[in-house]
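Undergrad: First, the structure itself, so that you have it in front of you.
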Amino acid sequence: MASAATPAIKGSFISLGTAIPIAPTTHFDKVQELCVYEINERDRNSPAYLRLSQKPVNALGDLVPFSNKRLGITAGLCVLIQHLPEKNADRYEAVYSFYFGDYGHISVQGAYLTHEDTFLTVTGGTGIFDGAHGQVKLQQLIFPFKLFYTFYLKGIPDLPAELQGQHMPPSVDVEPSPAAKAMEPHAVIKNCTN
């Protein structure tokens with residue numbers, strides 16, 4: 001039983017002893033998968049490796065800004081955290097976004113390992129991805145030129161059919177179609193930036 005000192009509260013917010021009803025929120029708890037290739041067609045001077053450490057081998061603090069294509073654009077920054085010479089690999093802390101034309105964008109952050117699959121956190125998005133959270137699995141196919149991502153998204157309405165189609169499974173042999181390379185409207189998402 002609640003007293004004047006300890007009021008019972010259900011679906012309210014207390015402010016100076018007054019209960020204020022909280023508006024109901026819409027939750028999208030269903031996990032939706034979205035699969036995306038990132039392919040560096042070597043036409044954007046990306047990635048750029050900035051050796052801030054000034055060492056001849058990859059070292060703590062080196063930066064790797066990048067911008068690549070397919071499906072839309074990926075762009076961001078990786079900071080080298082650890083060079084792993086025994087594995088011929090690196091560990092980065094990465095912050096980047098996936099731009100999907102008129103659909104909006106998804107931002108991700110987290111560890112990026114160049115020698116094994118990695119999971120990054122989905123930190124948000126815009127457009128149809130507003131409110132997105134979850135994780136994305138990064139599969140390194142050909143470092144750093146071909147990557148495959150599987151997003152596990154929550155917090156958003158159902159994805160449009162165009163983004164739910166059957167994807168090509170992860171493969172080093174996958175290439176964009178000539179129509180996609182030519183940015184023909186039927187082969188890219190609406191207002192995909194190049």
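Every chain in the structure tokens has a letter given in the order shown (A, B, ...), and although residue numbers restart at 1 in each chain, ligands are simply numbered from 1 in the order shown.
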So that I can see what lies close to segment 169-183 of chain A, please list as a ChimeraX atom specification the residues with an atom at most 6 Å from it, counting only C-alpha atoms and leaving out residues fewer than 2 positions away in the same chain.
TA: /A:141,187-188
Undergrad: Using DSSP assignments from the backbone, pull out every residue in segment 73-146 of chain A that falls under strand (DSSP E) and give it to me as number ranges by chain.
TA: A: 73-84, 89-99, 105-113, 118-125, 133-142, 146
Undergrad: At a cut-off of 12 Å, using only C-alpha atoms, what residues contact Phe66 of chain A? Leave out same-chain residues fewer than 3 positions from it and give the result as an mmCIF file with C-alpha atoms, in the first residue's frame.
TA:
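The resulting file, around.cif, is reproduced below:
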data_model
loop_
_atom_site.group_PDB
_atom_site.id
_atom_site.type_symbol
_atom_site.label_atom_id
_atom_site.label_comp_id
_atom_site.auth_asym_id
_atom_site.auth_seq_id
_atom_site.Cartn_x
_atom_site.Cartn_y
_atom_site.Cartn_z
ATOM 1 C CA GLU A 38 31.242 -3.114 -49.152
ATOM 2 C CA ILE A 39 33.433 -3.170 -52.234
ATOM 3 C CA ASN A 40 36.398 -0.902 -52.754
ATOM 4 C CA ARG A 42 39.812 1.560 -56.031
ATOM 5 C CA ASP A 43 38.300 4.680 -57.562
ATOM 6 C CA ARG A 44 38.139 6.872 -54.434
ATOM 7 C CA ASN A 45 41.758 6.878 -53.143
ATOM 8 C CA SER A 46 40.465 4.840 -50.232
ATOM 9 C CA PRO A 47 41.558 3.700 -47.763
ATOM 10 C CA ALA A 48 44.164 6.287 -46.821
ATOM 11 C CA TYR A 49 46.685 5.056 -44.240
ATOM 12 C CA LEU A 50 47.943 7.907 -42.052
ATOM 13 C CA LEU A 63 44.495 6.363 -38.685
ATOM 14 C CA LYS A 69 30.693 1.809 -52.382
ATOM 15 C CA ILE A 73 28.389 4.421 -49.478
ATOM 16 C CA THR A 74 30.356 3.479 -46.378
ATOM 17 C CA ALA A 75 32.539 6.147 -44.848
ATOM 18 C CA GLY A 76 34.369 6.465 -41.571
ATOM 19 C CA LEU A 77 37.551 6.262 -39.568
ATOM 20 C CA CYS A 78 39.530 3.430 -37.992
ATOM 21 C CA VAL A 79 42.132 4.029 -35.269
ATOM 22 C CA ALA A 94 36.120 1.889 -35.899
ATOM 23 C CA VAL A 95 33.391 4.515 -36.278
ATOM 24 C CA TYR A 96 31.562 4.655 -39.589
ATOM 25 C CA SER A 97 28.275 4.970 -41.420
ATOM 26 C CA PHE A 98 26.460 3.168 -44.195
ATOM 27 C CA PRO A 144 40.558 -4.168 -47.233
ATOM 28 C CA PHE A 145 38.761 -4.340 -50.556
#
Undergrad: Identify, with DSSP run on backbone atoms, the residues in segment 108-184 of chain A assigned to helix (DSSP H, G or I), and express the list as a count of residues only.
TA: 11
Undergrad: Choose the residue, out of A:Gln54, A:Tyr99, A:Thr114, A:Ala161, that has the smallest atom-to-atom separation from Gln82 of chain A; count only C-alpha atoms.
TA: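 The answer is A:Thr114, which sits nearest to Gln82 of chain A.
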Undergrad: Let me make sure I understand: among A:Gly165, A:Gly131, A:Gly155, A:Pro65, which one has the smallest atom-to-atom distance to Gly104 of chain A if we use only C-alpha atoms?
TA: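 Looking at the shortest contact to Gly104 of chain A, the residue is A:Gly131.
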Undergrad: Show which residues sit within 9 Å of Thr150 of chain A, as a ChimeraX atom specification. Count only C-alpha atoms, and ignore same-chain residues fewer than 4 positions away.
TA: /A:33-37,135-139
Undergrad: Counting only C-alpha atoms, which of A:Arg91, A:His186, A:His167, A:Lys154 gets nearest to Phe129 of chain A?
TA: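 Using only C-alpha atoms, the shortest distance to Phe129 of chain A belongs to A:Lys154.
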Undergrad: Calculated over only C-alpha atoms, which of the candidates A:Ile106, A:Met168, A:Leu52, A:Val64 has the smallest distance to Leu153 of chain A?
TA: A:Ile106
Undergrad: Name the residues in contact with His133 of chain A at a cut-off of 9 Å, using only C-alpha atoms, excluding same-chain residues fewer than 5 positions from it; report them as a PyMOL selection string.
TA: chain A and resi 121-125+152-156
Undergrad: With distances taken over only C-alpha atoms, which residue among A:His105, A:Lys30, A:His115, A:His83 lies nearest Gly61 of chain A?
TA: A:His83
Undergrad: Counting only C-alpha atoms, which residue out of A:Gln109, A:Gln32, A:Asn58, A:Thr126 sits closest to Gln164 of chain A?
TA: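 Selected residue with least distance to Gln164 of chain A: A:Gln32.
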Undergrad: Record the distance separating atom CA of Cys192 of chain A and atom CA of Pro160 of chain A, expressed in Å with one decimal.
TA: 15.6 Å
